[in-house]
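**Q** Sending over a structure as structure tokens; questions will come in a sec.
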Amino acid sequence: MNAHANPPEGRSRRLLFGENEPFASGWETTPDGHDLYFEECGAKGGKPCVILHGGPGGAINPTMRRFFDPKRWRMMLFDQRGCGKSRPNASLENNTTWTLIADIERLRVRMGVEKWTVFGGSWGSTLALAYAAAHPDRVEALVLRGIFLLTKKELHWFYQEGASMLFADAWERFLAPIPEAERGDLLSAYHRRLTHPDRKVQAEAAAAWSQWEGDTISIRGPEARPAKFNEADFAIAFARIECHFFMNGGFFERDGWLMEQVDRLRHIPCWIVQGRFDVVTPMETAWKLKSRWPEINFDLIWDAGHASTEPGVIDGLVRATDAALRV
């Protein structure tokens, strides 16, 4: 295990690769009514990978391409159902972990590759692990950040009691839209509002939900919050879809299902980059996964929180994608 706040002696921190534009983009239509926006970037003949955004309910952005050497990787990125440029926006219809896994397979076939590296952080790590459990023969390597297994314990920590003690000011804002009588089950209270027929009710709840995540995402403070969190359309899609998945336990068979799949995955080379001060997806989950899966290359960043743009996290992820080239 690597664990560092500052790079080890003689090691400078790696930076993101340069900007690169897609060489192909468009929409992939699913049989059940969704149009998935996708982009292909990097080298047409490069090593294939798929990049999974967070949330659920987030969207791809140009920075995600920059963790990979564009001269050596062929990257597939896509907006998951209801997210970003995918259509219909903010839709919960036919939107589960299992339909997303089918979408990933659909895009692999479109790309014409037998296996690929799967990259994801936060919810992206959840989806990457679930995809690998469903299709272990299609995964060449895993590069993950901010491990989240979508258990009741993790959800309670962030949305009921735990992170609230570290961010009391931000928590007060999160509580504001919810009457005192409903605060014993905040996920349910938010779910009622985020699925309310009145868009104004949705928007108020979505703004508070998204701000809570934005306020806790980085040790650098609220200035590190992604600008999209302040946009009403993005916030509604993000909050609605995220709450939908969380209310349904990620659509897994039972609590803790992902951890039970480790024996199916241990043959896959895996890199994890984890911020020591990650409040959104605390280190305990990543550490338990590492304990069950000792072959994992585990990079603990002592001066980082949850955000993928923390300098130490960038360094760890860029080194991991370079290492995955050798698989």
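Numbering starts fresh at 1 for the residues of each chain in the structure tokens, the chains themselves are lettered A, B, ... in the order given, and ligands are numbered from 1 as they appear.
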Looking only at strand (DSSP E or B) from DSSP on the backbone, list the matching residues of region 162-282 of chain A as a count of residues only.

**A** 6

**Q** So which residues touch Glu242 (chain A) within 12 Å, counting only C-alpha atoms, skipping near sequence neighbours fewer than 5 positions away, as a ChimeraX atom specification?

**A** /A:54-58,80-83,90-92,95-97,122-123,150,155,159,187,190-191,194-195,206,209-210,213,234-237,247-250

**Q** Which residues are close to Glu260 (chain A), i.e. within 10 Å by only C-alpha atoms, leaving aside same-chain residues fewer than 5 positions away? Reply as a VMD selection string.

**A** chain A and resid 133 255 292

**Q** Using the selection just defined, write its residues with N, CA and C atoms as a PDB file, in the first residue's frame.

**A**
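Final output, saved to out-v4.pdb:
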ATOM      1  N   ALA A 133     -18.514  -7.711 -11.731  1.00  0.00           N
ATOM      2  CA  ALA A 133     -19.118  -8.913 -11.146  1.00  0.00           C
ATOM      3  C   ALA A 133     -20.034  -9.603 -12.150  1.00  0.00           C
ATOM      4  N   ASP A 255     -28.267  -5.945   1.061  1.00  0.00           N
ATOM      5  CA  ASP A 255     -27.250  -5.027   1.566  1.00  0.00           C
ATOM      6  C   ASP A 255     -25.912  -5.755   1.660  1.00  0.00           C
ATOM      7  N   ARG A 292     -10.415  -7.807   1.858  1.00  0.00           N
ATOM      8  CA  ARG A 292     -10.980  -8.985   1.193  1.00  0.00           C
ATOM      9  C   ARG A 292     -10.255  -9.309  -0.111  1.00  0.00           C
TER      10      ARG A 292
END

**Q** Of the candidates A:Leu129, A:Val313, A:Leu107, A:Leu52, which one gets nearest to Thr29 (chain A) if we count only C-alpha atoms?

**A** A:Leu107

**Q** Just give me the gap between CA of Ala324 (chain A) and CA of Ser86 (chain A) in Å, one decimal is fine.

**A**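 Separation of CA of Ala324 (chain A) and CA of Ser86 (chain A): 29.1 Å.
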
**Q** What lies within 12 Å of region 135-138 of chain A using only C-alpha atoms, ignoring chain neighbours under 3 positions off, as an MDAnalysis selection string?

**A** chainID A and resid 48:50 98 101:102 104:105 108:109 112:118 127:132 141:142 261:269

**Q** With C-alpha atoms retained, export the selected residues as a short mmCIF file (atom, residue, chain, number, x, y, z; two decimals), in the first residue's frame.

**A**
data_model
loop_
_atom_site.label_atom_id
_atom_site.label_comp_id
_atom_site.auth_asym_id
_atom_site.auth_seq_id
_atom_site.Cartn_x
_atom_site.Cartn_y
_atom_site.Cartn_z
CA PRO A 48 -9.66 0.45 -24.78
CA CYS A 49 -11.27 1.75 -21.61
CA VAL A 50 -14.65 2.94 -20.43
CA TRP A 98 -28.70 -3.53 -14.14
CA ILE A 101 -24.64 -2.56 -16.87
CA ALA A 102 -26.49 -3.58 -20.04
CA ILE A 104 -21.99 -0.56 -20.76
CA GLU A 105 -22.06 -3.89 -22.60
CA ARG A 108 -18.45 -2.26 -25.59
CA VAL A 109 -20.02 -4.07 -28.53
CA GLY A 112 -15.82 -3.59 -31.11
CA VAL A 113 -13.56 -4.70 -28.24
CA GLU A 114 -13.44 -7.98 -26.30
CA LYS A 115 -12.12 -6.52 -23.03
CA TRP A 116 -11.45 -3.12 -21.62
CA THR A 117 -10.21 -1.28 -18.56
CA VAL A 118 -13.01 0.15 -16.42
CA LEU A 127 -20.99 0.63 -11.09
CA ALA A 128 -17.54 -0.53 -12.20
CA LEU A 129 -17.48 -3.26 -9.55
CA ALA A 130 -21.06 -4.32 -10.33
CA TYR A 131 -20.25 -4.48 -14.05
CA ALA A 132 -17.10 -6.51 -13.32
CA ALA A 141 -8.36 -3.99 -15.29
CA LEU A 142 -10.11 -1.70 -12.82
CA GLN A 261 -18.67 -10.69 -5.20
CA VAL A 262 -14.98 -10.18 -4.47
CA ASP A 263 -13.97 -13.78 -5.20
CA ARG A 264 -15.29 -13.32 -8.75
CA LEU A 265 -13.03 -10.29 -9.20
CA ARG A 266 -9.71 -11.11 -7.54
CA HIS A 267 -8.08 -12.20 -10.79
CA ILE A 268 -8.63 -8.71 -12.27
CA PRO A 269 -5.77 -6.22 -11.75
#

**Q** Just asking: which residues within region 59-256 of chain A are alpha helix (DSSP H) according to DSSP, as a PyMOL selection string?

**A** chain A and resi 97-111+123-134+152-159+163-166+168-175+186-194+199-216+232-247
